[in-house]
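Participant: The structure that follows is given in the form of structure tokens.
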Amino acid sequence: MEAVVTPEAPPRDVPVFENAVQAAAWIEEYLKGVLTRDPDNINLYTRPTASTKFKEGELHVTEVVDPCYLRSIHRLIGTERDHEESESKHWAHTGLLYEAWVRSALREAFPGRIRSNTLVQGLPTGVQGYDDLWWKDTWTVIDVKSRSIGAGENGPSEKDKLQVAVYAAHRAAHYGHPVHAVLVYTYRQDLSKLDAFPVLYNPEVIIAQVRSNAATLQGWVQLQGSALPPVPPTMDAGKFPCSFQTRDGLKTCAFYSRCWPEGPAKRVFTPPEQVQKLMLEHRSFHQQKQALEAQLKPLEAELKRIKGDLEPVFQAHGPVMKGPAEWRQDLKMLVMPGRVTYDVEGACLKNPDLQPLLEPYKKTGEGFTQLRYVKAG
Ligand code: SF4
């Protein structure tokens with residue numbers, strides 16, 4: 001008897017992902033494969049056909065996970081903006097185009113099986129969220145972002161990870177089935193590059209966090225600006241997202257003057273001649289340091305060679321070698337035991353269930369800045 005195939009039956013070659021790591025690896029390989037076979041494929045989506053369901057005046061998941069709750073509150077209560085957010089609108093639109101490309105590339109292989117911009121159920125009352133792509137056959141939620149290449153090198157941001165984790169956690173709760181969360185980063189400067197990152201999360205922790213953030217935001221919004229929370233302690237007038245340097249100059253958050261009435265951080269407005277002087281100085285010292293480091297390399301190699309020759313002597317005669325009297329120094333061989341460390345990242349990659357268990361012990365170190373010479377762009 002002929003087998004009955006229901007319309008819900010997935011295509012035969014649908015991949016099976018046991019975890020988000022496998023899902024991200026498969027998605028990245030597949031999308032890169034499309035671009036390798038047809039490098040112009042992504043250009044199909046540089047025309048404005050994409051749309052967004054983002055509605056002003058409603059609380060969205062992107063705001064609930066925003067590290068600056070104040071920005072979300074200002075937007076929701078309609079605070080007058082310092083300026084239009086043309087830059088972010090432009091990049092939001094670019095993100096929609098890339099999302100359209102990822103969707104179309106996946107749908108080509110699995111027609112009719114991948115839903116897009118679907119309302120996520122189970123979010124707290126008054127919060128709206130639409131996941132970019134929902135691939136139920138593989139229990140995977142995919143969120144597509146367009147970022148600068150530097151962002152990809154540093155790995156996905158906490159905000160991006162949290163956003164896709166919120167969608168996946170609510171889908172998982174709705175279906176009573178684990179859901180994998182994957183973030184796809186496409187890059188504005190180079191359309192031929194992309195990365196897919198697995199996002200590991202604990203659904204209960206995420207759902208509780210969303211509820212608590214949403215309740216706090218809604219409480220402040222109800223006050224309609226008669227009282228506002230203080231500027232979050234993690235925000236800094238001279239740093240993103242409050243202010244940031246772009247190729248077109250300094251940009252500020254649309255509500256900058258509300259939080260920092262004294263004006264933009266002065267250090268950002270260093271006169272150009274002063275900037276040039278600092279850059280020349282930096283380059284000069286940097287080059288001197290590089291020259292010294294180049295001289296150090298052969299010295300280190302010689303010291304390593306002599307140490308290798310001396311080691312058997314120490315082993316034969318004891319740990320201390322007497323130096324000539326005029327040195328007033330002896331040479332001692334110290335035996336340092338190997339340090340025991342645990343490769344937590346490797347363990348999590350092999351067993352994704354570990355990551356959520358480690359979440360309560362997570363500590364984020366102080367970030368730091370680094371100056372690096374890169375190819376002139
Ligand atoms: S200026 Fe900074 S602190 Fe104020 S709303 Fe904007 S991002 Fe938040």
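To be explicit about the labels: the chains of the structure tokens are called A, B, and onward in the order shown, and within each one the residues are counted from 1, while ligands get numbers from 1 in the order they are shown.
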Taking only C-alpha atoms and all ligand atoms into account, list the residues no farther than 10 Å from ligand 1, as a tab-separated table (two decimals) with N, CA and C atoms, in the first residue's frame.
Facilitator:
chain	number	residue	atom	x	y	z
A	66	ASP	N	17.54	45.35	25.61
A	66	ASP	CA	18.47	46.46	25.39
A	66	ASP	C	19.25	46.76	26.67
A	67	PRO	N	20.59	46.83	26.60
A	67	PRO	CA	21.34	47.13	27.83
A	67	PRO	C	21.00	48.51	28.39
A	68	CYS	N	20.41	49.42	27.57
A	68	CYS	CA	19.99	50.72	28.10
A	68	CYS	C	18.46	50.78	28.15
A	69	TYR	N	17.90	50.50	29.35
A	69	TYR	CA	16.44	50.53	29.50
A	69	TYR	C	15.91	51.94	29.32
A	70	LEU	N	16.75	52.93	29.61
A	70	LEU	CA	16.29	54.32	29.52
A	70	LEU	C	15.93	54.70	28.08
A	71	ARG	N	16.73	54.22	27.14
A	71	ARG	CA	16.48	54.49	25.72
A	71	ARG	C	15.11	53.93	25.32
A	72	SER	N	14.82	52.71	25.82
A	72	SER	CA	13.53	52.09	25.49
A	72	SER	C	12.39	52.90	26.10
A	73	ILE	N	12.58	53.36	27.34
A	73	ILE	CA	11.50	54.11	28.01
A	73	ILE	C	11.24	55.42	27.25
A	74	HIS	N	12.32	56.14	26.90
A	74	HIS	CA	12.15	57.40	26.16
A	74	HIS	C	11.38	57.16	24.86
A	75	ARG	N	11.72	56.08	24.17
A	75	ARG	CA	11.06	55.82	22.89
A	75	ARG	C	9.57	55.53	23.11
A	230	PRO	N	17.38	56.35	36.82
A	230	PRO	CA	18.66	57.01	36.54
A	230	PRO	C	19.33	56.39	35.31
A	231	VAL	N	20.33	57.07	34.78
A	231	VAL	CA	21.11	56.52	33.67
A	231	VAL	C	21.75	55.21	34.16
A	232	PRO	N	21.59	54.13	33.39
A	232	PRO	CA	22.17	52.85	33.87
A	232	PRO	C	23.66	53.01	34.15
A	233	PRO	N	24.13	52.41	35.25
A	233	PRO	CA	25.54	52.60	35.63
A	233	PRO	C	26.52	52.08	34.59
A	234	THR	N	26.06	51.21	33.69
A	234	THR	CA	26.98	50.66	32.68
A	234	THR	C	27.15	51.62	31.49
A	235	MET	N	26.34	52.68	31.46
A	235	MET	CA	26.42	53.61	30.32
A	235	MET	C	27.48	54.68	30.56
A	236	ASP	N	28.08	55.15	29.48
A	236	ASP	CA	29.15	56.15	29.57
A	236	ASP	C	28.93	57.15	28.44
A	237	ALA	N	28.96	58.45	28.79
A	237	ALA	CA	28.68	59.50	27.78
A	237	ALA	C	29.55	59.37	26.54
A	238	GLY	N	30.79	58.90	26.71
A	238	GLY	CA	31.71	58.86	25.59
A	238	GLY	C	31.79	57.51	24.90
A	239	LYS	N	30.90	56.59	25.27
A	239	LYS	CA	31.00	55.26	24.67
A	239	LYS	C	29.68	54.82	24.05
A	240	PHE	N	29.77	53.84	23.17
A	240	PHE	CA	28.58	53.26	22.56
A	240	PHE	C	27.71	52.63	23.65
A	241	PRO	N	26.38	52.75	23.64
A	241	PRO	CA	25.57	53.35	22.58
A	241	PRO	C	25.27	54.84	22.78
A	242	CYS	N	25.83	55.46	23.82
A	242	CYS	CA	25.53	56.88	24.05
A	242	CYS	C	26.15	57.73	22.94
A	243	SER	N	27.43	57.53	22.67
A	243	SER	CA	28.05	58.26	21.55
A	243	SER	C	29.09	57.35	20.93
A	252	THR	N	25.46	60.41	18.16
A	252	THR	CA	25.00	60.24	19.54
A	252	THR	C	23.63	59.57	19.54
A	253	CYS	N	23.30	58.99	20.67
A	253	CYS	CA	21.96	58.42	20.88
A	253	CYS	C	20.94	59.56	20.72
A	254	ALA	N	19.75	59.22	20.23
A	254	ALA	CA	18.75	60.26	19.97
A	254	ALA	C	18.29	60.95	21.27
A	255	PHE	N	18.57	60.34	22.43
A	255	PHE	CA	18.13	60.94	23.70
A	255	PHE	C	19.32	61.43	24.53
A	256	TYR	N	20.43	61.66	23.83
A	256	TYR	CA	21.68	62.00	24.51
A	256	TYR	C	21.52	63.19	25.45
A	257	SER	N	20.88	64.26	24.98
A	257	SER	CA	20.83	65.49	25.78
A	257	SER	C	20.04	65.30	27.08
A	258	ARG	N	19.16	64.29	27.11
A	258	ARG	CA	18.39	64.03	28.35
A	258	ARG	C	19.30	63.43	29.42
A	259	CYS	N	20.21	62.57	28.97
A	259	CYS	CA	21.04	61.85	29.95
A	259	CYS	C	22.31	62.61	30.28
A	260	TRP	N	22.83	63.32	29.30
A	260	TRP	CA	24.11	64.01	29.47
A	260	TRP	C	23.93	65.47	29.08
A	261	PRO	N	23.18	66.24	29.93
A	261	PRO	CA	22.86	67.63	29.55
A	261	PRO	C	24.11	68.51	29.44
A	264	PRO	N	28.24	66.52	24.80
A	264	PRO	CA	29.00	65.33	24.45
A	264	PRO	C	30.33	65.27	25.19
Participant: Mind checking DSSP for stretch 279-372 of chain A and telling me the alpha helix (DSSP H) residues as a ChimeraX atom specification?
Facilitator: /A:279-317,344-350,354-358
Participant: Contacts of A:Gly219 at 12 Å or less, counting only C-alpha atoms, minus same-chain residues fewer than 2 places along, as a ChimeraX atom specification?
Facilitator: /A:69,73,76-77,126,212-217,221-229
Participant: Of the candidates A:Val65, A:Leu357, A:Leu119, A:Leu96, which shows the shortest atom-to-atom distance to A:Pro203, using only C-alpha atoms?
Facilitator: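 That would be A:Leu357, the residue with the smallest distance to A:Pro203.
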Participant: So which residues of stretch 153-377 of chain A fall under strand (DSSP E or B) by DSSP, listed as an mmCIF file with N, CA and C atoms, in the first residue's frame?
Facilitator:
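Wrote it out as part07.cif, contents follow:
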data_model
loop_
_atom_site.group_PDB
_atom_site.id
_atom_site.type_symbol
_atom_site.label_atom_id
_atom_site.label_comp_id
_atom_site.auth_asym_id
_atom_site.auth_seq_id
_atom_site.Cartn_x
_atom_site.Cartn_y
_atom_site.Cartn_z
ATOM 1 N N HIS A 180 16.833 25.088 19.328
ATOM 2 C CA HIS A 180 18.190 25.605 19.150
ATOM 3 C C HIS A 180 18.124 27.073 18.715
ATOM 4 N N ALA A 181 19.058 27.851 19.224
ATOM 5 C CA ALA A 181 19.121 29.282 18.855
ATOM 6 C C ALA A 181 20.408 29.527 18.082
ATOM 7 N N VAL A 182 20.261 30.144 16.919
ATOM 8 C CA VAL A 182 21.432 30.412 16.070
ATOM 9 C C VAL A 182 21.397 31.863 15.609
ATOM 10 N N LEU A 183 22.548 32.511 15.713
ATOM 11 C CA LEU A 183 22.679 33.904 15.256
ATOM 12 C C LEU A 183 23.507 33.903 13.979
ATOM 13 N N VAL A 184 22.983 34.505 12.927
ATOM 14 C CA VAL A 184 23.777 34.616 11.694
ATOM 15 C C VAL A 184 24.227 36.064 11.568
ATOM 16 N N TYR A 185 25.527 36.274 11.482
ATOM 17 C CA TYR A 185 26.062 37.622 11.264
ATOM 18 C C TYR A 185 26.475 37.755 9.802
ATOM 19 N N THR A 186 25.902 38.738 9.114
ATOM 20 C CA THR A 186 26.385 39.103 7.784
ATOM 21 C C THR A 186 27.130 40.421 7.979
ATOM 22 N N TYR A 187 28.043 40.718 7.067
ATOM 23 C CA TYR A 187 28.918 41.870 7.293
ATOM 24 C C TYR A 187 28.746 42.938 6.216
ATOM 25 N N LEU A 194 30.199 35.533 6.140
ATOM 26 C CA LEU A 194 29.141 35.433 7.157
ATOM 27 C C LEU A 194 29.559 34.423 8.206
ATOM 28 N N ASP A 195 28.965 34.512 9.379
ATOM 29 C CA ASP A 195 29.240 33.571 10.464
ATOM 30 C C ASP A 195 27.907 33.161 11.082
ATOM 31 N N ALA A 196 27.823 31.916 11.516
ATOM 32 C CA ALA A 196 26.639 31.482 12.287
ATOM 33 C C ALA A 196 27.138 31.053 13.662
ATOM 34 N N PHE A 197 26.588 31.659 14.693
ATOM 35 C CA PHE A 197 27.028 31.365 16.070
ATOM 36 C C PHE A 197 25.930 30.593 16.808
ATOM 37 N N PRO A 198 26.300 29.512 17.505
ATOM 38 C CA PRO A 198 25.296 28.849 18.348
ATOM 39 C C PRO A 198 25.092 29.669 19.615
ATOM 40 N N VAL A 199 23.867 29.739 20.095
ATOM 41 C CA VAL A 199 23.614 30.452 21.360
ATOM 42 C C VAL A 199 23.008 29.436 22.330
ATOM 43 N N SER A 243 27.426 57.532 22.670
ATOM 44 C CA SER A 243 28.054 58.256 21.549
ATOM 45 C C SER A 243 29.091 57.347 20.928
ATOM 46 N N PHE A 244 29.298 57.533 19.656
ATOM 47 C CA PHE A 244 30.235 56.662 18.952
ATOM 48 C C PHE A 244 30.726 57.336 17.676
ATOM 49 N N GLN A 245 31.942 57.000 17.334
ATOM 50 C CA GLN A 245 32.570 57.598 16.163
ATOM 51 C C GLN A 245 32.235 56.765 14.929
ATOM 52 N N THR A 246 31.868 57.410 13.848
ATOM 53 C CA THR A 246 31.666 56.693 12.582
ATOM 54 C C THR A 246 32.518 57.381 11.531
ATOM 55 N N GLY A 249 31.770 60.950 11.250
ATOM 56 C CA GLY A 249 31.928 61.805 12.418
ATOM 57 C C GLY A 249 31.255 61.208 13.637
ATOM 58 N N LEU A 250 31.114 62.046 14.666
ATOM 59 C CA LEU A 250 30.558 61.577 15.937
ATOM 60 C C LEU A 250 29.034 61.449 15.848
ATOM 61 N N LYS A 251 28.512 60.343 16.317
ATOM 62 C CA LYS A 251 27.056 60.154 16.382
ATOM 63 C C LYS A 251 26.676 59.991 17.848
ATOM 64 N N THR A 252 25.464 60.413 18.157
ATOM 65 C CA THR A 252 24.997 60.243 19.540
ATOM 66 C C THR A 252 23.631 59.574 19.544
ATOM 67 N N VAL A 320 71.454 24.030 42.216
ATOM 68 C CA VAL A 320 72.140 25.340 42.256
ATOM 69 C C VAL A 320 73.537 25.215 41.652
ATOM 70 N N MET A 321 73.864 26.122 40.746
ATOM 71 C CA MET A 321 75.187 26.153 40.119
ATOM 72 C C MET A 321 75.894 27.401 40.629
ATOM 73 N N LEU A 331 73.243 30.403 39.932
ATOM 74 C CA LEU A 331 72.156 30.106 38.985
ATOM 75 C C LEU A 331 71.385 28.910 39.525
ATOM 76 N N LYS A 332 70.090 29.093 39.644
ATOM 77 C CA LYS A 332 69.273 28.040 40.266
ATOM 78 C C LYS A 332 68.216 27.544 39.283
#
Participant: Can you work out the spacing between atom CA of A:Asp353 and atom CA of A:Ser157 in Å, to one decimal?
Facilitator: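 Interatomic distance, atom CA of A:Asp353 to atom CA of A:Ser157: 21.0 Å.
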Participant: Using only C-alpha atoms, pick whichever of A:Val34, A:Leu59, A:Val16, A:Val144 has the shortest atom-to-atom distance to A:Val210.
Facilitator: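 Closest to A:Val210 of all the choices is A:Leu59.
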Participant: Between A:Gly129, A:Ala109, A:Asp13, A:Thr62, which residue has the minimum interatomic distance to A:Asp160, considering only C-alpha atoms?
Facilitator: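 Checking each of A:Gly129, A:Ala109, A:Asp13, A:Thr62 against A:Asp160, counting only C-alpha atoms, the winner is A:Thr62.
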Participant: Please provide as an NGL selection string all residues within 12 Å of A:Leu358, with the sequence filter that same-chain residues fewer than 2 positions apart are discarded (counting only C-alpha atoms).
Facilitator: :A and (200-202 or 344-345 or 347-348 or 351-356 or 360-363)
Participant: Restricted to C-alpha atoms, what would the selected residues look like written as a PDB file, in the first residue's frame?
Facilitator:
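Listing of result38.pdb after writing:
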ATOM      1  CA  LEU A 200      23.255  28.220  24.393  1.00  0.00           C
ATOM      2  CA  TYR A 201      20.736  29.226  27.024  1.00  0.00           C
ATOM      3  CA  ASN A 202      18.639  28.053  29.933  1.00  0.00           C
ATOM      4  CA  VAL A 344      35.363  24.940  29.768  1.00  0.00           C
ATOM      5  CA  GLU A 345      34.660  26.230  26.251  1.00  0.00           C
ATOM      6  CA  ALA A 347      33.593  21.000  27.177  1.00  0.00           C
ATOM      7  CA  CYS A 348      30.554  23.197  26.385  1.00  0.00           C
ATOM      8  CA  ASN A 351      28.180  19.005  25.529  1.00  0.00           C
ATOM      9  CA  PRO A 352      25.947  22.089  25.037  1.00  0.00           C
ATOM     10  CA  ASP A 353      23.807  21.113  28.062  1.00  0.00           C
ATOM     11  CA  LEU A 354      26.718  22.210  30.253  1.00  0.00           C
ATOM     12  CA  GLN A 355      26.557  25.901  29.299  1.00  0.00           C
ATOM     13  CA  PRO A 356      23.230  26.694  30.986  1.00  0.00           C
ATOM     14  CA  PRO A 360      25.078  31.165  37.368  1.00  0.00           C
ATOM     15  CA  TYR A 361      28.890  31.046  37.763  1.00  0.00           C
ATOM     16  CA  LYS A 362      29.560  33.316  34.784  1.00  0.00           C
ATOM     17  CA  LYS A 363      31.744  36.340  35.484  1.00  0.00           C
TER      18      LYS A 363
END
Participant: Record the distance separating atom CA of A:Val205 and atom CA of A:Gly155, expressed in Å with one decimal.
Facilitator: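 About the pair atom CA of A:Val205 and atom CA of A:Gly155: they are 22.0 Å apart.
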Participant: Can you work out the spacing between atom CA of A:Ile207 and atom CA of A:Ala165 in Å, to one decimal?
Facilitator: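 Computing the Euclidean distance for atom CA of A:Ile207 and atom CA of A:Ala165 yields 9.3 Å.
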Participant: Considering only C-alpha atoms, state which residue in the set A:Val14, A:Ala291, A:Ala301, A:Ala172 is at the smallest distance from A:Phe110.
Facilitator: A:Val14
Participant: For each of A:Thr364, A:Ala316, A:Leu133, A:Val179, take the minimum atom-to-atom distance to A:Asn19, counting only C-alpha atoms, then give the residue where this is smallest.
Facilitator: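 Of the candidates, the smallest distance to A:Asn19 is held by A:Val179.
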Participant: Which is closer to A:Gln218 than all the others in A:Lys307, A:His60, A:Lys277, A:His317, using only C-alpha atoms?
Facilitator: A:His60
